[in-house]
>>> print(open('work-v2.cif').read())   # mmCIF, C-alpha atoms
data_input
loop_
_atom_site.label_atom_id
_atom_site.label_comp_id
_atom_site.auth_asym_id
_atom_site.auth_seq_id
_atom_site.Cartn_x
_atom_site.Cartn_y
_atom_site.Cartn_z
CA MET N 1 -52.93 -72.36 -24.74
CA ALA N 2 -50.72 -71.02 -27.48
CA LEU N 3 -51.18 -67.61 -25.94
CA ALA N 4 -50.06 -68.80 -22.55
CA THR N 5 -47.03 -70.48 -24.09
CA ALA N 6 -46.17 -67.30 -25.93
CA ILE N 7 -46.47 -65.38 -22.71
CA HIS N 8 -44.20 -67.89 -20.99
CA ARG N 9 -41.61 -67.42 -23.69
CA ALA N 10 -41.83 -63.67 -23.75
CA LEU N 11 -41.71 -63.36 -20.00
CA ALA N 12 -39.10 -65.96 -19.26
CA ALA N 13 -36.50 -63.69 -20.77
CA THR N 14 -35.99 -61.70 -17.60
CA PRO N 15 -35.61 -62.68 -13.96
CA LEU N 16 -38.52 -60.48 -13.06
CA ALA N 17 -40.54 -62.26 -15.65
CA ALA N 18 -40.27 -65.52 -13.80
CA ALA N 19 -41.98 -64.00 -10.83
CA ILE N 20 -44.71 -62.52 -12.91
CA LEU N 21 -44.99 -65.78 -14.71
CA ILE N 22 -45.72 -67.56 -11.50
CA ALA N 23 -48.41 -65.01 -10.95
CA SER N 24 -49.86 -65.51 -14.33
CA VAL N 25 -49.94 -69.08 -15.48
CA SER N 26 -53.18 -68.24 -17.02
CA ALA N 27 -54.77 -71.30 -18.52
CA PRO N 28 -56.88 -73.05 -15.93
CA ALA N 29 -56.63 -76.74 -15.20
CA GLN N 30 -53.05 -77.33 -16.26
CA THR N 31 -51.22 -80.26 -14.79
CA ASN N 32 -48.40 -82.69 -15.43
CA TYR N 33 -50.42 -85.60 -16.86
CA ALA N 34 -48.90 -85.19 -20.34
CA ALA N 35 -45.40 -85.07 -18.85
CA GLU N 36 -46.15 -88.29 -17.00
CA ALA N 37 -47.41 -89.92 -20.20
CA ALA N 38 -44.10 -89.02 -21.84
CA LYS N 39 -42.25 -91.05 -19.20
CA ASN N 40 -43.90 -94.26 -20.40
CA PRO N 41 -44.09 -94.14 -24.22
CA GLY N 42 -46.72 -96.36 -25.81
CA ALA N 43 -48.18 -97.11 -22.38
CA ALA N 44 -51.73 -97.71 -23.60
CA SER N 45 -50.55 -100.29 -26.15
CA LYS N 46 -48.79 -102.49 -23.61
CA PRO N 47 -50.43 -105.65 -22.30
CA THR N 48 -52.87 -105.29 -19.41
CA PRO N 49 -51.68 -107.44 -16.50
CA ARG N 50 -54.27 -109.25 -14.39
CA LEU N 51 -54.48 -110.64 -10.88
CA ALA N 52 -55.13 -114.35 -10.36
CA ASP N 53 -58.88 -113.59 -10.08
CA GLY N 54 -58.85 -112.29 -13.64
CA HIS N 55 -59.44 -108.61 -12.87
CA PRO N 56 -57.01 -106.03 -14.24
CA ASP N 57 -54.08 -105.44 -11.89
CA LEU N 58 -54.33 -101.84 -10.67
CA ASN N 59 -51.17 -101.93 -8.57
CA GLY N 60 -48.71 -99.15 -9.20
CA VAL N 61 -47.82 -95.48 -8.95
CA TRP N 62 -50.06 -93.63 -11.39
CA HIS N 63 -49.69 -89.93 -10.73
CA HIS N 64 -47.46 -87.51 -8.89
CA PHE N 65 -49.32 -84.37 -7.93
CA PHE N 66 -46.95 -81.50 -8.31
CA GLY N 67 -48.90 -79.30 -10.64
CA ILE N 68 -47.00 -77.75 -13.46
CA GLY N 69 -43.53 -77.04 -12.14
CA THR N 70 -40.30 -78.88 -11.50
CA ILE N 71 -36.80 -77.95 -10.45
CA GLU N 72 -34.13 -78.82 -13.00
CA LYS N 73 -30.42 -79.17 -12.30
CA VAL N 74 -28.37 -77.39 -14.96
CA GLY N 75 -24.64 -77.64 -14.28
CA GLN N 76 -24.34 -76.75 -10.62
CA SER N 77 -27.41 -74.55 -10.70
CA PHE N 78 -31.08 -75.22 -10.09
CA VAL N 79 -33.83 -73.53 -12.04
CA VAL N 80 -37.56 -73.80 -12.30
CA GLY N 81 -38.71 -76.10 -15.08
CA GLY N 82 -41.90 -77.73 -16.27
CA ALA N 83 -44.38 -75.17 -17.55
CA PHE N 84 -41.95 -72.42 -16.62
CA ASN N 85 -39.26 -73.49 -19.08
CA PRO N 86 -39.92 -73.06 -22.81
CA LYS N 87 -38.18 -76.40 -23.42
CA SER N 88 -40.76 -78.36 -21.44
CA ALA N 89 -43.71 -75.98 -21.30
CA ALA N 90 -45.88 -77.87 -23.78
CA LEU N 91 -45.88 -81.04 -21.68
CA TYR N 92 -47.10 -79.13 -18.65
CA SER N 93 -49.51 -76.83 -20.40
CA ALA N 94 -51.90 -79.26 -22.02
CA PRO N 95 -55.36 -78.09 -21.03
CA LEU N 96 -57.61 -80.64 -19.38
CA ASN N 97 -60.77 -79.07 -20.82
CA ASP N 98 -62.71 -79.84 -17.67
CA PRO N 99 -66.36 -78.86 -17.88
CA ASN N 100 -67.77 -76.54 -15.24
CA PRO N 101 -70.41 -77.97 -12.93
CA GLU N 102 -73.84 -76.51 -13.52
CA TYR N 103 -75.35 -75.11 -10.34
CA LYS N 104 -79.01 -74.38 -9.80
CA PRO N 105 -79.69 -70.68 -10.49
CA GLN N 106 -80.15 -69.78 -6.83
CA PHE N 107 -76.59 -70.95 -6.01
CA VAL N 108 -74.68 -69.32 -8.86
CA ALA N 109 -74.09 -66.11 -6.92
CA LYS N 110 -72.69 -68.03 -3.95
CA VAL N 111 -70.22 -69.90 -6.16
CA LYS N 112 -69.18 -66.63 -7.78
CA SER N 113 -68.61 -64.98 -4.42
CA LEU N 114 -66.62 -67.92 -3.06
CA ASN N 115 -64.57 -68.03 -6.24
CA GLU N 116 -63.80 -64.33 -6.17
CA ASN N 117 -62.60 -64.68 -2.59
CA GLN N 118 -60.86 -67.99 -3.19
CA VAL N 119 -57.59 -67.08 -1.51
CA LYS N 120 -59.51 -66.49 1.69
CA GLU N 121 -62.35 -68.99 1.41
CA ASP N 122 -60.77 -72.09 -0.15
CA PRO N 123 -60.22 -74.67 2.60
CA ALA N 124 -57.61 -76.64 0.65
CA LEU N 125 -55.53 -73.55 -0.03
CA HIS N 126 -55.23 -73.28 3.74
CA CYS N 127 -54.07 -76.85 4.23
CA MET N 128 -57.41 -78.51 4.94
CA PRO N 129 -57.95 -81.85 3.15
CA PRO N 130 -59.40 -81.36 -0.33
CA GLY N 131 -61.65 -84.40 0.11
CA VAL N 132 -63.23 -86.57 -2.55
CA PRO N 133 -63.53 -85.83 -5.44
CA ARG N 134 -61.17 -82.82 -5.36
CA LEU N 135 -58.33 -85.02 -4.13
CA GLY N 136 -58.14 -86.29 -7.70
CA PRO N 137 -57.22 -89.69 -9.07
CA PRO N 138 -55.16 -92.02 -6.88
CA HIS N 139 -51.42 -91.44 -6.87
CA GLN N 140 -50.65 -95.04 -5.96
CA ILE N 141 -52.99 -98.04 -5.87
CA VAL N 142 -52.43 -101.09 -3.70
CA HIS N 143 -54.70 -103.77 -5.09
CA THR N 144 -55.62 -107.08 -3.48
CA PRO N 145 -58.58 -109.29 -4.41
CA ARG N 146 -60.62 -108.13 -1.40
CA GLN N 147 -59.73 -104.44 -1.26
CA VAL N 148 -57.94 -101.62 -3.01
CA VAL N 149 -56.10 -98.85 -1.20
CA PHE N 150 -55.68 -95.45 -2.81
CA LEU N 151 -52.65 -93.45 -1.60
CA TYR N 152 -52.14 -89.75 -2.18
CA ALA N 153 -49.17 -87.45 -1.53
CA ASP N 154 -51.24 -84.30 -1.72
CA SER N 155 -50.02 -80.76 -1.18
CA THR N 156 -52.30 -80.62 1.85
CA GLY N 157 -50.70 -83.75 3.30
CA ASN N 158 -50.76 -87.51 2.91
CA GLN N 159 -54.15 -89.11 2.33
CA TRP N 160 -55.42 -92.66 1.99
CA ARG N 161 -58.66 -94.47 1.19
CA VAL N 162 -59.42 -98.13 1.87
CA ILE N 163 -62.00 -99.46 -0.56
CA PRO N 164 -63.47 -102.91 0.15
CA LEU N 165 -64.36 -105.11 -2.80
CA ASP N 166 -66.25 -107.76 -0.83
CA GLY N 167 -69.71 -106.49 -1.61
CA ARG N 168 -70.39 -104.90 1.76
CA PRO N 169 -72.79 -101.94 1.85
CA HIS N 170 -71.89 -98.42 2.91
CA GLY N 171 -71.43 -97.96 6.63
CA THR N 172 -74.02 -96.56 8.95
CA ASP N 173 -71.89 -95.52 11.93
CA PRO N 174 -73.19 -92.07 12.90
CA GLU N 175 -69.80 -91.20 14.41
CA THR N 176 -68.33 -91.24 10.94
CA ALA N 177 -71.38 -89.85 9.24
CA ALA N 178 -69.41 -87.50 7.04
CA THR N 179 -65.67 -87.42 6.42
CA TYR N 180 -63.30 -85.76 3.96
CA ASN N 181 -62.76 -88.86 1.87
CA GLY N 182 -66.13 -90.42 2.60
CA ASP N 183 -67.25 -94.00 2.66
CA SER N 184 -66.10 -95.92 -0.41
CA VAL N 185 -67.12 -99.35 -1.61
CA GLY N 186 -65.89 -100.93 -4.82
CA ARG N 187 -67.24 -103.41 -7.33
CA TRP N 188 -66.24 -104.66 -10.74
CA GLU N 189 -68.28 -104.01 -13.86
CA GLY N 190 -66.40 -106.12 -16.38
CA ASP N 191 -62.87 -104.72 -16.44
CA THR N 192 -63.88 -101.44 -14.81
CA LEU N 193 -63.52 -100.87 -11.08
CA VAL N 194 -66.44 -98.75 -9.88
CA VAL N 195 -66.02 -96.96 -6.56
CA ASP N 196 -69.14 -95.57 -4.92
CA VAL N 197 -68.55 -92.83 -2.36
CA THR N 198 -71.07 -91.41 0.11
CA ARG N 199 -71.06 -89.78 3.57
CA LEU N 200 -68.85 -86.90 2.48
CA THR N 201 -68.46 -83.76 4.57
CA ASP N 202 -69.74 -80.48 3.15
CA GLU N 203 -66.59 -78.68 4.38
CA THR N 204 -64.79 -79.28 1.08
CA TRP N 205 -65.13 -77.90 -2.43
CA LEU N 206 -65.45 -79.91 -5.64
CA GLY N 207 -62.65 -77.87 -7.23
CA ASP N 208 -60.64 -74.67 -7.08
CA ASN N 209 -63.38 -72.29 -8.06
CA GLY N 210 -65.77 -71.94 -5.16
CA LEU N 211 -67.50 -75.19 -6.03
CA PHE N 212 -69.27 -75.84 -2.75
CA HIS N 213 -71.52 -78.84 -2.22
CA THR N 214 -73.79 -80.36 0.42
CA ARG N 215 -73.73 -83.62 2.35
CA LYS N 216 -75.99 -85.03 -0.35
CA LEU N 217 -72.88 -85.33 -2.52
CA HIS N 218 -72.53 -88.73 -4.12
CA VAL N 219 -69.36 -89.57 -6.04
CA THR N 220 -68.76 -92.39 -8.48
CA GLU N 221 -65.28 -93.20 -9.74
CA ARG N 222 -64.61 -95.52 -12.65
CA LEU N 223 -61.13 -96.92 -13.26
CA LYS N 224 -60.31 -98.97 -16.32
CA ARG N 225 -56.76 -100.19 -16.88
CA VAL N 226 -55.68 -100.18 -20.52
CA GLY N 227 -52.10 -101.37 -20.85
CA ASP N 228 -49.97 -99.15 -18.64
CA THR N 229 -52.68 -96.50 -18.41
CA ILE N 230 -55.83 -96.08 -16.34
CA GLN N 231 -58.84 -94.29 -17.73
CA TYR N 232 -60.12 -92.50 -14.63
CA GLN N 233 -63.53 -90.91 -14.59
CA VAL N 234 -65.21 -89.29 -11.62
CA THR N 235 -68.79 -88.11 -11.41
CA ALA N 236 -70.17 -85.87 -8.68
CA GLU N 237 -73.90 -85.73 -8.07
CA ASP N 238 -75.41 -83.30 -5.60
CA PRO N 239 -79.12 -82.89 -6.33
CA GLU N 240 -79.35 -80.16 -3.70
CA VAL N 241 -77.20 -77.68 -5.60
CA LEU N 242 -76.20 -79.12 -8.98
CA GLN N 243 -78.50 -79.17 -11.97
CA LYS N 244 -76.98 -82.37 -13.26
CA PRO N 245 -74.06 -84.74 -12.56
CA TRP N 246 -70.58 -83.34 -13.17
CA THR N 247 -67.94 -85.60 -14.69
CA LEU N 248 -64.18 -85.22 -15.07
CA SER N 249 -61.85 -87.56 -16.95
CA ARG N 250 -58.13 -88.18 -16.58
CA THR N 251 -55.70 -90.57 -18.24
CA LEU N 252 -53.17 -91.87 -15.75
CA THR N 253 -49.88 -93.44 -16.83
CA LEU N 254 -47.94 -96.03 -14.86
CA GLN N 255 -44.92 -94.20 -13.46
CA PRO N 256 -41.43 -95.63 -13.09
CA ASP N 257 -40.67 -93.94 -9.78
CA ALA N 258 -41.91 -94.34 -6.22
CA LEU N 259 -44.46 -92.21 -4.43
CA GLU N 260 -42.82 -89.89 -1.95
CA GLU N 261 -44.26 -88.70 1.33
CA ALA N 262 -45.78 -85.24 1.10
CA ALA N 263 -44.28 -82.51 3.23
CA PRO N 264 -46.59 -81.25 5.98
CA CYS N 265 -48.84 -78.38 5.01
CA VAL N 266 -48.42 -75.23 7.10
CA ASP N 267 -50.44 -72.19 6.12
CA LYS N 268 -48.15 -69.18 6.41
CA ASP N 269 -49.86 -67.12 3.74
CA ALA N 270 -53.27 -66.52 5.26
CA GLY N 271 -52.47 -63.23 6.95
CA HIS N 272 -50.65 -61.77 3.97
CA TYR N 273 -53.23 -61.72 1.21
CA VAL N 274 -53.89 -58.17 0.15
CA THR N 275 -55.79 -58.80 -3.05
CA THR N 276 -57.78 -61.76 -4.30
CA GLU N 277 -55.87 -63.20 -7.23
CA HIS N 278 -56.79 -66.79 -7.82
CA HIS N 279 -54.73 -69.89 -7.10
CA ASP N 280 -55.29 -73.03 -9.16
CA ASN N 281 -54.22 -76.41 -7.83
CA THR N 282 -55.94 -78.64 -10.32
CA ARG N 283 -55.48 -82.25 -9.38
CA MET F 1 -21.47 -58.73 6.09
CA ARG F 2 -23.14 -55.78 4.56
CA ILE F 3 -26.71 -55.21 3.78
CA ALA F 4 -27.62 -54.22 0.29
CA SER F 5 -31.28 -53.80 0.78
CA ARG F 6 -32.09 -51.49 -2.02
CA TRP F 7 -35.50 -51.18 -3.51
CA MET F 8 -35.58 -51.24 -7.24
CA TRP F 9 -38.53 -50.44 -9.36
CA ALA F 10 -37.65 -53.25 -11.67
CA ALA F 11 -40.69 -53.24 -13.88
CA PRO F 12 -42.44 -50.26 -15.29
CA ALA F 13 -46.10 -50.42 -14.41
CA ALA F 14 -46.85 -49.94 -18.07
CA LEU F 15 -45.28 -53.30 -18.87
CA LEU F 16 -47.39 -55.05 -16.29
CA CYS F 17 -50.53 -53.41 -17.53
CA ALA F 18 -49.77 -54.23 -21.13
CA LEU F 19 -49.63 -57.97 -20.58
CA PRO F 20 -52.94 -59.82 -20.75
CA LEU F 21 -52.35 -61.73 -17.57
CA PRO F 22 -55.32 -63.15 -15.81
CA ALA F 23 -53.82 -63.82 -12.40
CA HIS F 24 -54.40 -67.43 -11.56
CA HIS F 25 -51.94 -67.74 -8.73
CA SER F 26 -52.24 -66.10 -5.38
CA PHE F 27 -48.62 -64.96 -5.69
CA ALA F 28 -50.03 -61.67 -6.91
CA ALA F 29 -52.40 -61.49 -3.96
CA GLU F 30 -49.43 -61.55 -1.64
CA PHE F 31 -46.23 -60.33 -3.30
CA ASP F 32 -45.39 -57.30 -5.41
CA ALA F 33 -43.73 -58.42 -8.65
CA ALA F 34 -43.05 -54.82 -9.55
CA LYS F 35 -40.63 -54.41 -6.66
CA THR F 36 -37.39 -56.27 -6.09
CA VAL F 37 -35.24 -56.22 -3.00
CA THR F 38 -31.65 -57.48 -3.04
CA LEU F 39 -30.22 -59.03 0.12
CA ARG F 40 -26.87 -60.44 1.15
CA GLY F 41 -26.73 -62.95 3.96
CA VAL F 42 -26.53 -66.57 5.03
CA VAL F 43 -29.27 -69.21 4.81
CA SER F 44 -30.04 -69.97 8.46
CA LYS F 45 -33.21 -72.10 8.30
CA VAL F 46 -35.39 -73.90 5.79
CA ASP F 47 -39.01 -74.95 6.29
CA TRP F 48 -39.69 -77.86 3.92
CA ILE F 49 -43.45 -77.44 3.93
CA ASN F 50 -46.45 -77.33 1.65
CA PRO F 51 -47.82 -75.40 -0.05
CA HIS F 52 -44.48 -73.59 -0.48
CA ILE F 53 -41.08 -74.01 1.13
CA PHE F 54 -39.60 -71.11 3.10
CA VAL F 55 -35.93 -70.15 3.10
CA TYR F 56 -34.73 -67.92 5.93
CA VAL F 57 -31.74 -65.65 5.31
CA ASP F 58 -29.89 -63.79 8.08
CA VAL F 59 -28.99 -60.34 6.78
CA LYS F 60 -26.70 -58.01 8.74
CA ASP F 61 -26.89 -54.27 8.34
CA ASP F 62 -23.96 -51.83 8.65
CA SER F 63 -24.47 -51.57 12.41
CA GLY F 64 -24.17 -55.32 12.79
CA LYS F 65 -27.85 -55.89 13.52
CA THR F 66 -29.18 -59.11 12.01
CA THR F 67 -32.58 -59.33 10.39
CA THR F 68 -33.92 -62.72 9.37
CA TRP F 69 -35.87 -62.60 6.12
CA ALA F 70 -38.57 -65.23 5.56
CA LEU F 71 -38.59 -65.98 1.86
CA GLN F 72 -41.28 -68.03 0.27
CA SER F 73 -40.24 -70.27 -2.62
CA LEU F 74 -41.86 -73.04 -4.63
CA PRO F 75 -43.97 -76.06 -3.64
CA PRO F 76 -41.86 -78.89 -2.17
CA LEU F 77 -43.10 -81.33 -4.80
CA PHE F 78 -41.44 -79.21 -7.50
CA PHE F 79 -38.07 -80.21 -6.01
CA ARG F 80 -38.75 -83.92 -6.31
CA GLY F 81 -35.76 -85.72 -7.79
CA SER F 82 -33.91 -82.47 -8.50
CA GLY F 83 -31.14 -82.91 -5.96
CA LEU F 84 -31.99 -79.59 -4.34
CA THR F 85 -33.00 -80.46 -0.80
CA LYS F 86 -33.36 -78.81 2.56
CA ASP F 87 -29.94 -80.20 3.51
CA VAL F 88 -28.32 -78.79 0.37
CA LEU F 89 -29.76 -75.34 1.08
CA LEU F 90 -28.70 -75.45 4.73
CA SER F 91 -25.24 -76.94 4.28
CA ASN F 92 -23.84 -74.05 2.27
CA LYS F 93 -22.80 -71.40 4.76
CA GLN F 94 -21.36 -68.98 2.23
CA GLU F 95 -22.79 -65.49 1.96
CA VAL F 96 -25.44 -65.54 -0.72
CA THR F 97 -27.12 -62.84 -2.73
CA VAL F 98 -30.87 -63.09 -2.87
CA THR F 99 -33.41 -61.20 -4.91
CA ALA F 100 -37.00 -61.23 -3.73
CA ASN F 101 -40.36 -59.65 -4.34
CA PRO F 102 -41.57 -58.10 -1.09
CA ALA F 103 -44.93 -58.62 0.54
CA LYS F 104 -47.71 -56.32 -0.58
CA ASP F 105 -49.06 -55.99 2.94
CA GLY F 106 -45.97 -54.18 4.12
CA SER F 107 -44.72 -57.05 6.29
CA GLN F 108 -41.06 -56.49 7.03
CA ALA F 109 -38.48 -59.08 6.01
CA TYR F 110 -41.02 -61.21 4.17
CA GLY F 111 -41.00 -61.88 0.45
CA PHE F 112 -40.94 -64.31 -2.45
CA MET F 113 -37.44 -65.43 -3.43
CA THR F 114 -36.77 -65.06 -7.16
CA LYS F 115 -33.06 -65.91 -7.18
CA LEU F 116 -30.42 -67.16 -4.78
CA SER F 117 -26.81 -66.75 -6.00
CA TYR F 118 -23.72 -68.35 -4.47
CA PRO F 119 -20.23 -66.79 -4.65
CA ASP F 120 -19.02 -69.51 -7.05
CA GLY F 121 -21.62 -68.43 -9.58
CA HIS F 122 -24.22 -71.15 -9.26
CA VAL F 123 -27.79 -70.15 -8.63
CA PHE F 124 -31.23 -71.33 -7.59
CA SER F 125 -33.41 -69.27 -9.84
CA MET F 126 -36.97 -68.79 -10.93
CA SER F 127 -35.70 -67.93 -14.39
CA PRO F 128 -34.51 -70.90 -16.51
CA GLN F 129 -32.21 -68.60 -18.49
CA ASP F 130 -30.07 -68.02 -15.43
CA ALA F 131 -28.57 -71.47 -15.82
CA ASP F 132 -28.99 -72.20 -19.49
CA PRO F 133 -27.12 -69.84 -21.82
CA ASN F 134 -28.49 -71.66 -24.84
CA LEU F 135 -32.00 -70.82 -23.77
CA LYS F 136 -31.01 -67.20 -23.46
CA LYS F 137 -29.38 -67.24 -26.88
CA ALA F 138 -32.36 -68.94 -28.46
CA GLN F 139 -34.69 -66.29 -27.19
CA LYS F 140 -32.73 -63.31 -28.43
#
>>> encode(input="work-v2.cif", output="structure tokens")
Amino acid sequence: MALATAIHRALAATPLAAAILIASVSAPAQTNYAAEAAKNPGAASKPTPRLADGHPDLNGVWHHFFGIGTIEKVGQSFVVGGAFNPKSAALYSAPLNDPNPEYKPQFVAKVKSLNENQVKEDPALHCMPPGVPRLGPPHQIVHTPRQVVFLYADSTGNQWRVIPLDGRPHGTDPETAATYNGDSVGRWEGDTLVVDVTRLTDETWLGDNGLFHTRKLHVTERLKRVGDTIQYQVTAEDPEVLQKPWTLSRTLTLQPDALEEAAPCVDKDAGHYVTTEHHDNTR
Amino acid sequence: MRIASRWMWAAPAALLCALPLPAHHSFAAEFDAAKTVTLRGVVSKVDWINPHIFVYVDVKDDSGKTTTWALQSLPPLFFRGSGLTKDVLLSNKQEVTVTANPAKDGSQAYGFMTKLSYPDGHVFSMSPQDADPNLKKAQK
């Protein structure tokens, strides 16, 4: 990461550099989680509020997905900030250290090929819904005793998931046999909300890097509120193609500002790709 | 209005090659950072869309013919809370100077906007130093 920061600093010295810099934010899996944590100092040490039923209160805006860049107003001018400005780069450059999923040997070549052709093959880069689990942790949670609603202002468009907490089983309606965000049911294990997701379409990837999956995908999310933070953990199991379950962890911080509607996603780039440089949109 | 559409080989290829830059953004799959085009014109349209906004600039050549450049910029979520909105970009009808990296595929009037400068000196720039002299000083 130090290397990437040094490159940012060296390159940011010229206008051209900024363009190259956009082309070269090199460390994978960078996001704004650390910048969000900085907006709520000591968040994890604050008291954990609870609903009347005793469960932790998950209501709130927890994450704004805008990757690693911002626009800053300086005087009358506007310039790119976040990871692109040496003053704030560290907060937007903290690596997530996500593990790579381990595919069965016979599928490794397919993942490699999809990854190498990501700008052409990646559905979410072309405005299709990323689906669960790639959609990431919830941006806002609306929590009532009988259901939680996850809201997302994603770069591919606005998304929502309604997750019943009343103990009902997964659905069986063949008309909705497989969807982008799947069929979620929630339950409490102590202070942890566990969301079980099935019936997911195989038209999505698990992440940026050609991580295809089948309709056997089973996702489990675990959310534990600690003060003004949520420890979010998501595990993807796909026994058809993965050697073992794949787990990612994120720490979300209660944000002071509202969730804003995402702009519509319109793919204007598709016909213009000449080469195959990668595009990370880690959520 | 006058067109100043000159191609400048702004970066020696050697510089680009020397930097250990694994390309993790499809910018490089689409736009040529080694070339810069400078345009003068008026912002005529803005598409506030994901994954990147587009700013359209009407550029007149010496014969009076207008060409509308489609210029890709940053993701709309970057602009959140900044005060720079579609309305702000559209409301200023002054002639602006724009620098852009052109498309690699040879598409005409299509590029990535690196800087938009207004006559009064304020800018919308991809380089933080363009608006923060202290940053520039600190890096010297």
>>> residues_around(input="work-v2.cif", residues="region 72-83 of chain N", least_positions_apart="2", cutoff="9 Å", atoms="all atoms listed in the file", output="ChimeraX atom specification")
/N:5,8,18,25,31-32,35,68-70,85-93 /F:74,78-79,81-84,121-132
>>> resolve_selection(input="work-v2.cif", expression="the PyMOL selection byres ((chain F and resi 98-106) around 7)", output="NGL selection string")
(:N and (272 or 274)) or (:F and (30-33 or 35-40 or 96-97 or 107-108 or 110-117))
>>> residues_around(input="work-v2.cif", residues="Pro137 (chain N)", least_positions_apart="6", cutoff="9 Å", atoms="all atoms listed in the file", output="list of chain:residue names")
N:Trp62, N:His63, N:Phe150, N:Tyr152, N:Glu221, N:Tyr232, N:Gln233, N:Val234, N:Arg250, N:Leu252, N:Arg283
>>> resolve_selection(input="work-v2.cif", expression="the PyMOL selection byres ((chain N and resi 121-126) around 12)", output="number ranges by chain")
N: 110-120, 127-132, 134-135, 154-157, 180, 202-212, 264-271, 273, 276, 278-283; F: 25-26, 50-52
>>> resolve_selection(input="work-v2.cif", expression="the PyMOL selection byres ((chain N and resi 99) around 8)", output="ChimeraX atom specification")
/N:97-98,100-101,246-248
>>> residues_around(input="work-v2.cif", residues="Thr251 (chain N)", least_positions_apart="2", cutoff="10 Å", atoms="all atoms listed in the file", output="number ranges by chain")
N: 33-34, 36-37, 44, 62-63, 137, 223-226, 229-233, 249, 253
>>> atom_distance(input="work-v2.cif", atom1="CA of Thr66 (chain F)", atom2="CA of Ala34 (chain F)")
26.0 Å
>>> closest_residue(input="work-v2.cif", among="N:Phe65, N:Gly167, N:Gly42, N:Leu51", to="chain F", atoms="all atoms listed in the file")
N:Phe65
>>> atom_distance(input="work-v2.cif", atom1="CA of Trp69 (chain F)", atom2="CA of Val57 (chain F)")
5.2 Å
>>> atom_distance(input="work-v2.cif", atom1="CA of Ala236 (chain N)", atom2="CA of Asp183 (chain N)")
14.3 Å
>>> closest_residue(input="work-v2.cif", among="F:Ile53, F:Leu89, F:Val46, F:Leu77", to="chain N", atoms="all atoms listed in the file")
F:Leu77
>>> closest_residue(input="work-v2.cif", among="N:Ala38, N:Ala263, N:Val197, N:Ala43", to="chain F", atoms="all atoms listed in the file")
N:Ala263
>>> closest_residue(input="work-v2.cif", among="F:Val59, F:Leu71, F:Leu90, F:Ala29", to="chain N", atoms="only C-alpha atoms")
F:Ala29
>>> residues_near_point(input="work-v2.cif", point="(-77.2, -73.0, -1.4)", cutoff="7 Å", atoms="all atoms listed in the file", output="PyMOL selection string")
chain N and resi 106-107+241
>>> decode(input="work-v2.cif", residues="region 89-122 of chain F", atoms="C-alpha atoms", output="mmCIF file, in the first residue's frame")
data_model
loop_
_atom_site.group_PDB
_atom_site.id
_atom_site.type_symbol
_atom_site.label_atom_id
_atom_site.label_comp_id
_atom_site.auth_asym_id
_atom_site.auth_seq_id
_atom_site.Cartn_x
_atom_site.Cartn_y
_atom_site.Cartn_z
ATOM 1 C CA LEU F 89 -22.216 22.414 -14.699
ATOM 2 C CA LEU F 90 -25.101 23.371 -16.988
ATOM 3 C CA SER F 91 -25.821 26.823 -15.606
ATOM 4 C CA ASN F 92 -22.457 28.310 -16.510
ATOM 5 C CA LYS F 93 -22.659 29.306 -20.151
ATOM 6 C CA GLN F 94 -19.209 30.842 -20.375
ATOM 7 C CA GLU F 95 -16.703 29.461 -22.840
ATOM 8 C CA VAL F 96 -14.618 26.885 -21.038
ATOM 9 C CA THR F 97 -11.289 25.291 -21.776
ATOM 10 C CA VAL F 98 -11.243 21.537 -21.458
ATOM 11 C CA THR F 99 -8.399 19.078 -21.544
ATOM 12 C CA ALA F 100 -9.211 15.458 -22.248
ATOM 13 C CA ASN F 101 -7.631 12.129 -23.023
ATOM 14 C CA PRO F 102 -9.063 10.849 -26.300
ATOM 15 C CA ALA F 103 -10.548 7.435 -26.928
ATOM 16 C CA LYS F 104 -8.124 4.712 -27.930
ATOM 17 C CA ASP F 105 -10.554 3.271 -30.448
ATOM 18 C CA GLY F 106 -10.365 6.352 -32.625
ATOM 19 C CA SER F 107 -13.907 7.502 -31.851
ATOM 20 C CA GLN F 108 -14.213 11.151 -32.797
ATOM 21 C CA ALA F 109 -15.185 13.728 -30.194
ATOM 22 C CA TYR F 110 -15.101 11.216 -27.353
ATOM 23 C CA GLY F 111 -12.702 11.331 -24.428
ATOM 24 C CA PHE F 112 -12.074 11.453 -20.701
ATOM 25 C CA MET F 113 -12.147 14.968 -19.246
ATOM 26 C CA THR F 114 -9.091 15.742 -17.119
ATOM 27 C CA LYS F 115 -9.733 19.444 -16.495
ATOM 28 C CA LEU F 116 -12.447 22.002 -17.122
ATOM 29 C CA SER F 117 -11.352 25.644 -16.680
ATOM 30 C CA TYR F 118 -13.637 28.679 -16.484
ATOM 31 C CA PRO F 119 -12.584 32.187 -17.587
ATOM 32 C CA ASP F 120 -12.553 33.430 -13.974
ATOM 33 C CA GLY F 121 -9.858 30.914 -13.127
ATOM 34 C CA HIS F 122 -11.790 28.276 -11.243
#
